[in-house]
Amino acid sequence: MGKSSIPIVGVLLLCLLVSFSEAEYLKYKDPKVPLDERIRDLMQRMTLEEKIGQMTQIERSVATPDVMKKYFIGSVLSGGGSVPAPKASAETWVKMVNQIQNGALSTRLGIPMIYGIDAVHGHNTVYNATVFPHNVGLGVTRDPVLIKKIGDATALEVRATGIPYVFAPCIAVCRDPRWGRCYESYSEDPKIVRTMTEIIPGLQGDIPGNSMKGVPFVAGKNKVAACAKHFVGDGGTNKGINENNTLINYKGLLKIHMPAYYDSVVKGVATVMVSYSSWNGKKMHANRNLVTNYLKNKLQFKGFVISDWQGIDRITSPPHANYSYSVQAGVSAGIDMIMVPFNFTEFIDDLTYQVKNNIIPMSRIDDAVARILRVKFIMGLFENPLADLSLVNQLGSKEHRELAREAVRKSLVLLKNGKSSEKPLLPLPKKAGKILVAGIHADNLGYQCGGWTITWQGLDGNDLTSGTTILNAVKQTVDPATEVVYNENPDANFIKSNKFSYAIVVVGEHPYAETFGDSLNLTIAEPGPSTITNVKGFADLLYGDYEFTGELARTWFKTVDQLPMNVGDKHYDPLFPFGFGLTTNLTKY
């Protein structure tokens with residue numbers, strides 16, 4: 001008997017080994033398995049808590065590894081200006097993202113989180129990243145090839161910091177320049193905005209020709225998931241008031257504000273962010289007809305829909321007045337991932353209660369989670385969840401800065417060139433006795449870059465990041481024998497007492513973002529106007545190394561009383577019309 005027990009033990013051991021081996025194979029972790037099968041396999045293993053965790057996006061400041069593990073958090077973001085350390089290096093960013101990711105990977109199913117960040121004009125939150133012109137300038141270029149290159153460069157710089165997801169591009173069609181986010185819009189013309197969606201294949205990669213419509217696509221570790229925003233009509237609010245009401249009929253909404261979303265979906269955009277604004281009184285975060293019936297069903301969008309920052313809170317007025325209702329309305333509308341971003345336990349508890357009590361059906365949760373997992377699988381997060389340092393040299397690279405310089409050149413619009421066509425002012429001579437550079441924006445990198453640069457609202461001064469001020473650019477461009485005098489706000493006596501060959505005056509707005517930029521009068525703050533008056537109107541900067549090629553992508557109105565006024569309107573009477581732009585040989589471009 002004793003001898004016969006040996007083979008029995010061996011058989012039992014063999015069975016256990018086979019069983020253990022089979023238990024180790026997880027279909028959802030096998031990249032050779034078809035996408036839909038991977039999604040189904042993983043979802044049938046998930047509990048309600050794990051599914052709701054996937055729908056939750058939290059801010060990095062509260063995303064400890066323990067939180068990630070305990071609540072099965074699916075996504076983390078950096079809010080505007082939220083950084084691991086002041087002037088943090090790419091290596092510091094990678095380390096932070098990986099620490100958070102390791103928390104997600106330590107969960108029972110090891111589902112990786114997706115980290116997102118705003119990339120409004122380049123990787124704008126990160127020190128030493130390349131800062132590109134804002135969209136209002138890029139629209140002027142009308143150059144989809146350039147825009148795609150900017151997307152590609154931005155993707156590399158974002159990936160250099162370990163981040164795989166950006167909240168860009170903004171494809172709003174700004175119909176009223178009083179809107180504080182108008183500079184985030186490429187144009188008042190939906191045709192130009194549609195053209196600029198070419199930034200999406202720059203960010204994500206070119207979608208394969210055999211792809212089904214609406215299926216998201218991200219081409220590997222050098223690309224990022226993009227986010228078309230803000231769905232829909234955010235650029236059409238009444239009087240340009242941010243987060244306000246867009247008053248337009250259904251046909252007008254589809255004609256003006258929807259076309260760029262169609263193009264984005266066709267190009268495989270991975271995510272779409274919902275707008276704070278309302279359409280004819282209905283909050284977009286609660287608009288099931290447009291989010292689910294139109295975007296998901298009619299346009300066949302298969303990626304995931306994400307809320308804006310505390311977006312569901314703002315369904316009610318005041319915000320967060322009835323959070324249970326906001327959760328129900330937002331999730332039922334078709335929002336898949338909620339940018340909470342801080343009070344995540346409240347959201348998780350509320351949504352869990354509503355599902356368990358059949359207020360929100362389980363089918364809605366499953367749809368949301370399947371969409372989130374689809375994006376994560378497609379972009380390779382399960383195979384490569386952790387970032388490495390292989391791309392750190394891409395951050396602020398010389399090649400990307402040269403691209404930004406090209407974008408700046410092509411985004412300039414020449415409106416006037418001297419008092420008459422017989423006596424053009426530009427191009428300026430590089431060799432001159434003494435020249436004046438004036439204006440508060442002439443030697444201020446923060447003012448030059450505007451909002452959404454390092455911080456949400458932007459900064460003042462030259463210590464925020466790497467770059468070249470206009471004053472330094474002038475000094476580097478003129479002949480060495482030319483004396484360059486800088487005076488931020490010279491008075492008339494200073495002008496008269498110096499024999500300047502010419503003056504370059506650089507004025508503009510102070511940096512701002514979102515509601516802080518709303519303006520009913522659209523005036524430049526002092527001392528800008530006084531500086532122009534004192535210097536008697538000399539402005540703009542170019543020395544003839546390149547021609548002006550920019551055309552206005554926005555109508556230049558005469559007075560704010562004319563607003564809103566856009567190309568094609570019956571009452572169209574602008575100071576400079578849409579499409580206007582001179583070259584330095586004074587012919588209409």
# chains A, B, ... in the order shown; residues from 1 in each chain; ligands from 1
>>> residues_around(residues="A:Gly396", least_positions_apart="5", cutoff="6 Å", atoms="only C-alpha atoms", output="tab-separated table (two decimals) with N, CA, C and O atoms, in the first residue's frame")
chain	number	residue	atom	x	y	z
A	128	ASN	N	9.94	73.44	-19.25
A	128	ASN	CA	10.89	73.20	-20.34
A	128	ASN	C	10.26	72.51	-21.55
A	128	ASN	O	10.95	72.19	-22.52
A	129	ALA	N	8.96	72.28	-21.52
A	129	ALA	CA	8.29	71.71	-22.69
A	129	ALA	C	8.17	72.77	-23.78
A	129	ALA	O	8.22	73.98	-23.51
A	130	THR	N	8.01	72.33	-25.01
A	130	THR	CA	7.81	73.25	-26.13
A	130	THR	C	6.41	73.84	-26.05
A	130	THR	O	5.43	73.11	-25.98
>>> select_by_dssp(residues="stretch 185-325 of chain A", states="helix (DSSP H, G or I)", output="ChimeraX atom specification")
/A:190-196,199-204,234-236,238-240,250-257,259-266,284-286,288-298,313-315,323-325
>>> select_by_dssp(residues="stretch 309-547 of chain A", states="strand (DSSP E or B)", output="VMD selection string")
chain A and resid 337 to 339 414 420 423 434 to 438 453 455 483 to 487 502 to 505
>>> write_last_selection(atoms="C-alpha atoms", output="PDB file, in the first residue's frame")
ATOM      1  CA  MET A 337     -15.818  58.533 -16.958  1.00  0.00           C
ATOM      2  CA  ILE A 338     -16.405  61.197 -14.319  1.00  0.00           C
ATOM      3  CA  MET A 339     -13.668  63.760 -13.641  1.00  0.00           C
ATOM      4  CA  LEU A 414      -0.329  91.573 -41.176  1.00  0.00           C
ATOM      5  CA  SER A 420       0.251 103.969 -47.554  1.00  0.00           C
ATOM      6  CA  LYS A 423       5.628 103.653 -48.160  1.00  0.00           C
ATOM      7  CA  LYS A 434      18.998 103.052 -32.443  1.00  0.00           C
ATOM      8  CA  ILE A 435      15.644 101.323 -32.079  1.00  0.00           C
ATOM      9  CA  LEU A 436      13.086 101.207 -29.296  1.00  0.00           C
ATOM     10  CA  VAL A 437      11.352  98.088 -28.012  1.00  0.00           C
ATOM     11  CA  ALA A 438       8.429  98.915 -25.715  1.00  0.00           C
ATOM     12  CA  THR A 453       1.005  77.796 -19.442  1.00  0.00           C
ATOM     13  CA  THR A 455      -0.431  77.056 -14.397  1.00  0.00           C
ATOM     14  CA  GLU A 483      21.496  99.758 -30.489  1.00  0.00           C
ATOM     15  CA  VAL A 484      18.377  98.231 -28.948  1.00  0.00           C
ATOM     16  CA  VAL A 485      16.773 100.300 -26.180  1.00  0.00           C
ATOM     17  CA  TYR A 486      14.056  98.712 -24.029  1.00  0.00           C
ATOM     18  CA  ASN A 487      11.535 100.775 -22.101  1.00  0.00           C
ATOM     19  CA  TYR A 502      11.823 102.957 -35.436  1.00  0.00           C
ATOM     20  CA  ALA A 503       9.956 101.425 -32.523  1.00  0.00           C
ATOM     21  CA  ILE A 504       8.478  98.000 -31.881  1.00  0.00           C
ATOM     22  CA  VAL A 505       5.576  98.059 -29.411  1.00  0.00           C
TER      23      VAL A 505
END
>>> residues_around(residues="stretch 298-302 of chain A", least_positions_apart="3", cutoff="10 Å", atoms="only C-alpha atoms", output="PDB file with N, CA, C and O atoms, in the first residue's frame")
ATOM      1  N   MET A 212     -13.074  50.183 -38.516  1.00  0.00           N
ATOM      2  CA  MET A 212     -14.496  50.497 -38.488  1.00  0.00           C
ATOM      3  C   MET A 212     -14.689  51.925 -37.994  1.00  0.00           C
ATOM      4  O   MET A 212     -13.933  52.412 -37.155  1.00  0.00           O
ATOM      5  N   LYS A 213     -15.709  52.594 -38.527  1.00  0.00           N
ATOM      6  CA  LYS A 213     -15.987  53.966 -38.111  1.00  0.00           C
ATOM      7  C   LYS A 213     -16.260  54.030 -36.622  1.00  0.00           C
ATOM      8  O   LYS A 213     -17.011  53.226 -36.082  1.00  0.00           O
ATOM      9  N   GLY A 214     -15.615  54.997 -35.980  1.00  0.00           N
ATOM     10  CA  GLY A 214     -15.889  55.255 -34.576  1.00  0.00           C
ATOM     11  C   GLY A 214     -15.031  54.509 -33.592  1.00  0.00           C
ATOM     12  O   GLY A 214     -15.057  54.793 -32.396  1.00  0.00           O
ATOM     13  N   VAL A 215     -14.249  53.530 -34.086  1.00  0.00           N
ATOM     14  CA  VAL A 215     -13.393  52.759 -33.178  1.00  0.00           C
ATOM     15  C   VAL A 215     -12.142  53.581 -32.866  1.00  0.00           C
ATOM     16  O   VAL A 215     -11.464  54.051 -33.774  1.00  0.00           O
ATOM     17  N   PRO A 216     -11.816  53.777 -31.590  1.00  0.00           N
ATOM     18  CA  PRO A 216     -10.636  54.580 -31.244  1.00  0.00           C
ATOM     19  C   PRO A 216      -9.350  53.915 -31.693  1.00  0.00           C
ATOM     20  O   PRO A 216      -9.283  52.690 -31.837  1.00  0.00           O
ATOM     21  N   TYR A 261     -16.719  67.213 -34.788  1.00  0.00           N
ATOM     22  CA  TYR A 261     -16.839  65.959 -34.030  1.00  0.00           C
ATOM     23  C   TYR A 261     -16.977  64.773 -34.978  1.00  0.00           C
ATOM     24  O   TYR A 261     -16.414  63.693 -34.721  1.00  0.00           O
ATOM     25  N   TYR A 262     -17.697  64.968 -36.066  1.00  0.00           N
ATOM     26  CA  TYR A 262     -17.790  63.913 -37.075  1.00  0.00           C
ATOM     27  C   TYR A 262     -16.399  63.554 -37.580  1.00  0.00           C
ATOM     28  O   TYR A 262     -16.027  62.377 -37.649  1.00  0.00           O
ATOM     29  N   ASP A 263     -15.598  64.570 -37.935  1.00  0.00           N
ATOM     30  CA  ASP A 263     -14.237  64.312 -38.427  1.00  0.00           C
ATOM     31  C   ASP A 263     -13.374  63.650 -37.362  1.00  0.00           C
ATOM     32  O   ASP A 263     -12.573  62.764 -37.662  1.00  0.00           O
ATOM     33  N   SER A 264     -13.523  64.080 -36.119  1.00  0.00           N
ATOM     34  CA  SER A 264     -12.729  63.502 -35.028  1.00  0.00           C
ATOM     35  C   SER A 264     -13.040  62.025 -34.849  1.00  0.00           C
ATOM     36  O   SER A 264     -12.134  61.203 -34.663  1.00  0.00           O
ATOM     37  N   VAL A 265     -14.313  61.681 -34.915  1.00  0.00           N
ATOM     38  CA  VAL A 265     -14.721  60.282 -34.769  1.00  0.00           C
ATOM     39  C   VAL A 265     -14.176  59.450 -35.931  1.00  0.00           C
ATOM     40  O   VAL A 265     -13.661  58.347 -35.732  1.00  0.00           O
ATOM     41  N   VAL A 266     -14.267  59.977 -37.132  1.00  0.00           N
ATOM     42  CA  VAL A 266     -13.749  59.272 -38.310  1.00  0.00           C
ATOM     43  C   VAL A 266     -12.242  59.035 -38.186  1.00  0.00           C
ATOM     44  O   VAL A 266     -11.719  58.000 -38.623  1.00  0.00           O
ATOM     45  N   GLY A 268     -10.674  58.443 -35.522  1.00  0.00           N
ATOM     46  CA  GLY A 268     -10.380  57.510 -34.446  1.00  0.00           C
ATOM     47  C   GLY A 268     -10.106  58.132 -33.102  1.00  0.00           C
ATOM     48  O   GLY A 268      -9.419  57.525 -32.269  1.00  0.00           O
ATOM     49  N   VAL A 269     -10.635  59.336 -32.847  1.00  0.00           N
ATOM     50  CA  VAL A 269     -10.389  59.969 -31.548  1.00  0.00           C
ATOM     51  C   VAL A 269     -10.820  59.016 -30.432  1.00  0.00           C
ATOM     52  O   VAL A 269     -11.844  58.345 -30.508  1.00  0.00           O
ATOM     53  N   ALA A 270      -9.995  58.938 -29.396  1.00  0.00           N
ATOM     54  CA  ALA A 270     -10.217  57.949 -28.336  1.00  0.00           C
ATOM     55  C   ALA A 270     -11.288  58.377 -27.338  1.00  0.00           C
ATOM     56  O   ALA A 270     -12.026  57.538 -26.820  1.00  0.00           O
ATOM     57  N   THR A 271     -11.368  59.683 -27.059  1.00  0.00           N
ATOM     58  CA  THR A 271     -12.305  60.162 -26.039  1.00  0.00           C
ATOM     59  C   THR A 271     -12.933  61.477 -26.473  1.00  0.00           C
ATOM     60  O   THR A 271     -12.393  62.202 -27.315  1.00  0.00           O
ATOM     61  N   VAL A 272     -14.066  61.790 -25.879  1.00  0.00           N
ATOM     62  CA  VAL A 272     -14.757  63.065 -26.104  1.00  0.00           C
ATOM     63  C   VAL A 272     -15.145  63.623 -24.743  1.00  0.00           C
ATOM     64  O   VAL A 272     -15.671  62.904 -23.892  1.00  0.00           O
ATOM     65  N   LEU A 290     -28.077  64.109 -27.113  1.00  0.00           N
ATOM     66  CA  LEU A 290     -26.887  64.430 -27.892  1.00  0.00           C
ATOM     67  C   LEU A 290     -25.703  63.522 -27.547  1.00  0.00           C
ATOM     68  O   LEU A 290     -24.951  63.112 -28.440  1.00  0.00           O
ATOM     69  N   VAL A 291     -25.505  63.216 -26.268  1.00  0.00           N
ATOM     70  CA  VAL A 291     -24.350  62.407 -25.869  1.00  0.00           C
ATOM     71  C   VAL A 291     -24.512  60.953 -26.313  1.00  0.00           C
ATOM     72  O   VAL A 291     -23.610  60.365 -26.920  1.00  0.00           O
ATOM     73  N   THR A 292     -25.651  60.368 -26.009  1.00  0.00           N
ATOM     74  CA  THR A 292     -25.865  58.952 -26.345  1.00  0.00           C
ATOM     75  C   THR A 292     -26.474  58.774 -27.734  1.00  0.00           C
ATOM     76  O   THR A 292     -25.920  58.081 -28.585  1.00  0.00           O
ATOM     77  N   ASN A 293     -27.613  59.420 -27.960  1.00  0.00           N
ATOM     78  CA  ASN A 293     -28.321  59.174 -29.218  1.00  0.00           C
ATOM     79  C   ASN A 293     -27.568  59.688 -30.438  1.00  0.00           C
ATOM     80  O   ASN A 293     -27.567  59.035 -31.495  1.00  0.00           O
ATOM     81  N   TYR A 294     -26.926  60.847 -30.290  1.00  0.00           N
ATOM     82  CA  TYR A 294     -26.233  61.399 -31.462  1.00  0.00           C
ATOM     83  C   TYR A 294     -24.769  60.955 -31.531  1.00  0.00           C
ATOM     84  O   TYR A 294     -24.349  60.337 -32.502  1.00  0.00           O
ATOM     85  N   LEU A 295     -23.999  61.265 -30.496  1.00  0.00           N
ATOM     86  CA  LEU A 295     -22.559  60.966 -30.539  1.00  0.00           C
ATOM     87  C   LEU A 295     -22.288  59.465 -30.593  1.00  0.00           C
ATOM     88  O   LEU A 295     -21.553  58.975 -31.456  1.00  0.00           O
ATOM     89  N   VAL A 305     -16.700  58.662 -23.254  1.00  0.00           N
ATOM     90  CA  VAL A 305     -17.086  60.053 -23.016  1.00  0.00           C
ATOM     91  C   VAL A 305     -16.706  60.401 -21.584  1.00  0.00           C
ATOM     92  O   VAL A 305     -17.040  59.676 -20.643  1.00  0.00           O
ATOM     93  N   ASP A 367     -21.756  49.420 -20.358  1.00  0.00           N
ATOM     94  CA  ASP A 367     -21.405  50.172 -21.566  1.00  0.00           C
ATOM     95  C   ASP A 367     -20.235  51.110 -21.289  1.00  0.00           C
ATOM     96  O   ASP A 367     -19.284  51.197 -22.077  1.00  0.00           O
ATOM     97  N   ALA A 370     -16.939  49.048 -20.688  1.00  0.00           N
ATOM     98  CA  ALA A 370     -16.460  48.445 -21.938  1.00  0.00           C
ATOM     99  C   ALA A 370     -15.754  49.485 -22.796  1.00  0.00           C
ATOM    100  O   ALA A 370     -14.712  49.203 -23.414  1.00  0.00           O
ATOM    101  N   ARG A 371     -16.285  50.692 -22.836  1.00  0.00           N
ATOM    102  CA  ARG A 371     -15.672  51.768 -23.624  1.00  0.00           C
ATOM    103  C   ARG A 371     -14.320  52.172 -23.050  1.00  0.00           C
ATOM    104  O   ARG A 371     -13.347  52.386 -23.789  1.00  0.00           O
ATOM    105  N   ILE A 372     -14.247  52.282 -21.733  1.00  0.00           N
ATOM    106  CA  ILE A 372     -12.981  52.642 -21.087  1.00  0.00           C
ATOM    107  C   ILE A 372     -11.937  51.563 -21.318  1.00  0.00           C
ATOM    108  O   ILE A 372     -10.784  51.854 -21.669  1.00  0.00           O
ATOM    109  N   ARG A 374     -11.880  49.410 -23.731  1.00  0.00           N
ATOM    110  CA  ARG A 374     -11.524  49.373 -25.156  1.00  0.00           C
ATOM    111  C   ARG A 374     -10.365  50.323 -25.442  1.00  0.00           C
ATOM    112  O   ARG A 374      -9.410  49.963 -26.130  1.00  0.00           O
ATOM    113  N   VAL A 375     -10.446  51.528 -24.925  1.00  0.00           N
ATOM    114  CA  VAL A 375      -9.369  52.504 -25.140  1.00  0.00           C
ATOM    115  C   VAL A 375      -8.067  52.011 -24.511  1.00  0.00           C
ATOM    116  O   VAL A 375      -6.993  52.088 -25.118  1.00  0.00           O
TER     117      VAL A 375
END
>>> residues_around(residues="A:Leu415", least_positions_apart="5", cutoff="9 Å", atoms="only C-alpha atoms", output="list in words")
Phe576, Phe580, Gly581 and Leu582 of chain A
>>> write_last_selection(atoms="N, CA and C atoms", output="PDB file, in the first residue's frame")
ATOM      1  N   PHE A 576     -11.735  94.395 -40.168  1.00  0.00           N
ATOM      2  CA  PHE A 576     -10.967  93.540 -41.062  1.00  0.00           C
ATOM      3  C   PHE A 576     -11.766  92.243 -41.238  1.00  0.00           C
ATOM      4  N   PHE A 580      -8.751  88.103 -44.149  1.00  0.00           N
ATOM      5  CA  PHE A 580      -7.877  89.216 -44.528  1.00  0.00           C
ATOM      6  C   PHE A 580      -6.452  88.968 -44.049  1.00  0.00           C
ATOM      7  N   GLY A 581      -5.493  89.400 -44.844  1.00  0.00           N
ATOM      8  CA  GLY A 581      -4.092  89.309 -44.446  1.00  0.00           C
ATOM      9  C   GLY A 581      -3.206  89.812 -45.560  1.00  0.00           C
ATOM     10  N   LEU A 582      -2.279  90.702 -45.230  1.00  0.00           N
ATOM     11  CA  LEU A 582      -1.353  91.239 -46.216  1.00  0.00           C
ATOM     12  C   LEU A 582      -0.039  90.466 -46.177  1.00  0.00           C
TER      13      LEU A 582
END
>>> residues_around(residues="A:Asn462", least_positions_apart="4", cutoff="9 Å", atoms="only C-alpha atoms", output="NGL selection string")
:A and (443-446 or 466-467 or 469)
>>> write_last_selection(atoms="N, CA and C atoms", output="PDB file, in the first residue's frame")
ATOM      1  N   ASP A 443       9.057  91.919 -23.042  1.00  0.00           N
ATOM      2  CA  ASP A 443      10.056  91.151 -22.301  1.00  0.00           C
ATOM      3  C   ASP A 443       9.379  90.391 -21.165  1.00  0.00           C
ATOM      4  N   ASN A 444       8.351  89.638 -21.510  1.00  0.00           N
ATOM      5  CA  ASN A 444       7.582  88.907 -20.508  1.00  0.00           C
ATOM      6  C   ASN A 444       7.088  87.604 -21.127  1.00  0.00           C
ATOM      7  N   LEU A 445       7.810  86.542 -20.824  1.00  0.00           N
ATOM      8  CA  LEU A 445       7.505  85.237 -21.409  1.00  0.00           C
ATOM      9  C   LEU A 445       6.119  84.747 -20.991  1.00  0.00           C
ATOM     10  N   GLY A 446       5.735  85.033 -19.746  1.00  0.00           N
ATOM     11  CA  GLY A 446       4.424  84.610 -19.259  1.00  0.00           C
ATOM     12  C   GLY A 446       3.293  85.267 -20.026  1.00  0.00           C
ATOM     13  N   SER A 466      11.239  77.697 -20.180  1.00  0.00           N
ATOM     14  CA  SER A 466      12.269  78.078 -21.140  1.00  0.00           C
ATOM     15  C   SER A 466      11.620  78.686 -22.378  1.00  0.00           C
ATOM     16  N   GLY A 467      12.245  79.711 -22.911  1.00  0.00           N
ATOM     17  CA  GLY A 467      11.710  80.335 -24.113  1.00  0.00           C
ATOM     18  C   GLY A 467      12.433  81.628 -24.418  1.00  0.00           C
ATOM     19  N   THR A 469      11.947  85.692 -25.275  1.00  0.00           N
ATOM     20  CA  THR A 469      11.039  86.835 -25.309  1.00  0.00           C
ATOM     21  C   THR A 469      11.221  87.577 -26.632  1.00  0.00           C
TER      22      THR A 469
END
>>> residues_around(residues="stretch 223-229 of chain A", least_positions_apart="3", cutoff="8 Å", atoms="only C-alpha atoms", output="PyMOL selection string")
chain A and resi 152+155-156+158-159+163-172+200+203-205+217-220+232+261+264+269-275+379
>>> write_last_selection(atoms="N, CA, C and O atoms", output="short mmCIF file (atom, residue, chain, number, x, y, z; two decimals), in the first residue's frame")
data_model
loop_
_atom_site.label_atom_id
_atom_site.label_comp_id
_atom_site.auth_asym_id
_atom_site.auth_seq_id
_atom_site.Cartn_x
_atom_site.Cartn_y
_atom_site.Cartn_z
N ASP A 152 2.09 65.45 -33.35
CA ASP A 152 3.12 64.42 -33.20
C ASP A 152 4.17 64.84 -32.16
O ASP A 152 4.56 64.05 -31.29
N ALA A 155 2.68 64.77 -28.65
CA ALA A 155 2.56 63.39 -28.16
C ALA A 155 3.90 62.88 -27.62
O ALA A 155 3.94 62.26 -26.55
N LEU A 156 4.97 63.15 -28.32
CA LEU A 156 6.29 62.69 -27.87
C LEU A 156 6.67 63.34 -26.54
O LEU A 156 7.23 62.69 -25.65
N VAL A 158 4.60 64.61 -24.25
CA VAL A 158 3.72 64.11 -23.19
C VAL A 158 4.17 62.72 -22.76
O VAL A 158 4.28 62.41 -21.56
N ARG A 159 4.46 61.85 -23.73
CA ARG A 159 4.96 60.51 -23.42
C ARG A 159 6.31 60.56 -22.71
O ARG A 159 6.64 59.67 -21.91
N ILE A 163 3.07 60.12 -19.52
CA ILE A 163 1.61 60.32 -19.60
C ILE A 163 1.09 59.87 -20.96
O ILE A 163 1.65 60.27 -21.99
N PRO A 164 0.00 59.07 -21.00
CA PRO A 164 -0.49 58.54 -22.27
C PRO A 164 -1.79 59.16 -22.79
O PRO A 164 -2.34 58.67 -23.78
N TYR A 165 -2.27 60.24 -22.16
CA TYR A 165 -3.61 60.73 -22.49
C TYR A 165 -3.64 62.24 -22.34
O TYR A 165 -3.19 62.77 -21.32
N VAL A 166 -4.16 62.95 -23.36
CA VAL A 166 -4.26 64.41 -23.30
C VAL A 166 -5.69 64.87 -23.51
O VAL A 166 -6.43 64.28 -24.29
N PHE A 167 -6.06 65.94 -22.80
CA PHE A 167 -7.37 66.56 -22.98
C PHE A 167 -7.26 67.61 -24.09
O PHE A 167 -7.28 68.82 -23.85
N ALA A 168 -7.11 67.15 -25.30
CA ALA A 168 -6.94 68.00 -26.47
C ALA A 168 -7.25 67.14 -27.71
O ALA A 168 -7.06 65.92 -27.67
N PRO A 169 -7.73 67.78 -28.79
CA PRO A 169 -7.83 69.23 -29.03
C PRO A 169 -9.19 69.81 -28.64
O PRO A 169 -10.18 69.10 -28.58
N CYS A 170 -9.20 71.13 -28.42
CA CYS A 170 -10.43 71.87 -28.29
C CYS A 170 -10.92 72.19 -29.70
O CYS A 170 -10.21 72.88 -30.45
N ILE A 171 -12.08 71.68 -30.07
CA ILE A 171 -12.61 71.92 -31.42
C ILE A 171 -13.86 72.79 -31.37
O ILE A 171 -14.75 72.67 -32.21
N ALA A 172 -13.88 73.68 -30.38
CA ALA A 172 -14.96 74.65 -30.28
C ALA A 172 -14.93 75.59 -31.49
O ALA A 172 -13.86 75.93 -32.00
N ILE A 200 -5.40 65.34 -34.50
CA ILE A 200 -5.73 64.06 -33.85
C ILE A 200 -4.86 62.92 -34.36
O ILE A 200 -4.25 62.21 -33.55
N LEU A 203 -1.50 63.33 -32.82
CA LEU A 203 -1.42 62.88 -31.44
C LEU A 203 -1.50 61.36 -31.33
O LEU A 203 -0.74 60.74 -30.58
N GLN A 204 -2.42 60.76 -32.08
CA GLN A 204 -2.74 59.34 -31.90
C GLN A 204 -2.09 58.42 -32.92
O GLN A 204 -1.96 57.22 -32.69
N GLY A 205 -1.74 58.96 -34.09
CA GLY A 205 -1.29 58.14 -35.21
C GLY A 205 -2.39 58.01 -36.24
O GLY A 205 -3.58 58.21 -35.95
N PHE A 217 -8.32 54.73 -31.91
CA PHE A 217 -7.03 54.20 -32.35
C PHE A 217 -5.90 55.01 -31.75
O PHE A 217 -5.89 56.24 -31.81
N VAL A 218 -4.93 54.32 -31.14
CA VAL A 218 -3.70 54.94 -30.64
C VAL A 218 -2.54 54.04 -31.05
O VAL A 218 -2.51 52.86 -30.70
N ALA A 219 -1.60 54.59 -31.79
CA ALA A 219 -0.56 53.78 -32.44
C ALA A 219 0.69 53.59 -31.59
O ALA A 219 1.79 53.97 -31.98
N GLY A 220 0.53 53.04 -30.40
CA GLY A 220 1.70 52.61 -29.65
C GLY A 220 2.24 53.60 -28.64
O GLY A 220 1.63 54.62 -28.31
N VAL A 232 -21.21 69.81 -26.79
CA VAL A 232 -21.06 70.42 -28.08
C VAL A 232 -21.67 71.81 -27.98
O VAL A 232 -22.57 72.03 -27.18
N TYR A 261 -16.72 67.21 -34.79
CA TYR A 261 -16.84 65.96 -34.03
C TYR A 261 -16.98 64.77 -34.98
O TYR A 261 -16.41 63.69 -34.72
N SER A 264 -13.52 64.08 -36.12
CA SER A 264 -12.73 63.50 -35.03
C SER A 264 -13.04 62.02 -34.85
O SER A 264 -12.13 61.20 -34.66
N VAL A 269 -10.64 59.34 -32.85
CA VAL A 269 -10.39 59.97 -31.55
C VAL A 269 -10.82 59.02 -30.43
O VAL A 269 -11.84 58.35 -30.51
N ALA A 270 -10.00 58.94 -29.40
CA ALA A 270 -10.22 57.95 -28.34
C ALA A 270 -11.29 58.38 -27.34
O ALA A 270 -12.03 57.54 -26.82
N THR A 271 -11.37 59.68 -27.06
CA THR A 271 -12.30 60.16 -26.04
C THR A 271 -12.93 61.48 -26.47
O THR A 271 -12.39 62.20 -27.31
N VAL A 272 -14.07 61.79 -25.88
CA VAL A 272 -14.76 63.06 -26.10
C VAL A 272 -15.14 63.62 -24.74
O VAL A 272 -15.67 62.90 -23.89
N MET A 273 -14.86 64.91 -24.53
CA MET A 273 -15.21 65.57 -23.27
C MET A 273 -16.47 66.42 -23.46
O MET A 273 -16.58 67.15 -24.43
N VAL A 274 -17.37 66.33 -22.48
CA VAL A 274 -18.63 67.05 -22.54
C VAL A 274 -18.45 68.49 -22.06
O VAL A 274 -17.63 68.77 -21.18
N SER A 275 -19.23 69.39 -22.63
CA SER A 275 -19.14 70.81 -22.30
C SER A 275 -19.93 71.17 -21.05
O SER A 275 -20.98 70.60 -20.77
N MET A 379 -4.70 51.10 -26.85
CA MET A 379 -3.47 51.88 -26.75
C MET A 379 -2.32 51.09 -26.10
O MET A 379 -1.23 51.63 -25.93
#
>>> residues_around(residues="A:Asn493", least_positions_apart="4", cutoff="12 Å", atoms="only C-alpha atoms", output="PyMOL selection string")
chain A and resi 489+497-499+534-535
>>> closest_residue(among="A:Cys174, A:Val76, A:Val474, A:Ile58", to="A:Leu428", atoms="only C-alpha atoms")
A:Val474
>>> closest_residue(among="A:Pro31, A:Ala432, A:Thr47, A:Glu59", to="A:Gln310", atoms="only C-alpha atoms")
A:Glu59
>>> closest_atom_pairs(of="stretch 30-95 of chain A", to="stretch 329-334 of chain A", cutoff="12 Å", atoms="only C-alpha atoms", output="JSON lines")
{"residue": "A:Ile52", "atom": "CA", "partner": "A:Val331", "partner_atom": "CA", "distance": 11.1}
{"residue": "A:Met55", "atom": "CA", "partner": "A:Val331", "partner_atom": "CA", "distance": 9.7}
{"residue": "A:Thr56", "atom": "CA", "partner": "A:Val331", "partner_atom": "CA", "distance": 11.5}
>>> closest_residue(among="A:Pro201, A:Gly450, A:Gly235, A:Gly79", to="A:Gly116", atoms="only C-alpha atoms")
A:Gly79
>>> closest_residue(among="A:Arg178, A:Lys410, A:Lys282, A:Lys221", to="A:Thr515", atoms="only C-alpha atoms")
A:Arg178
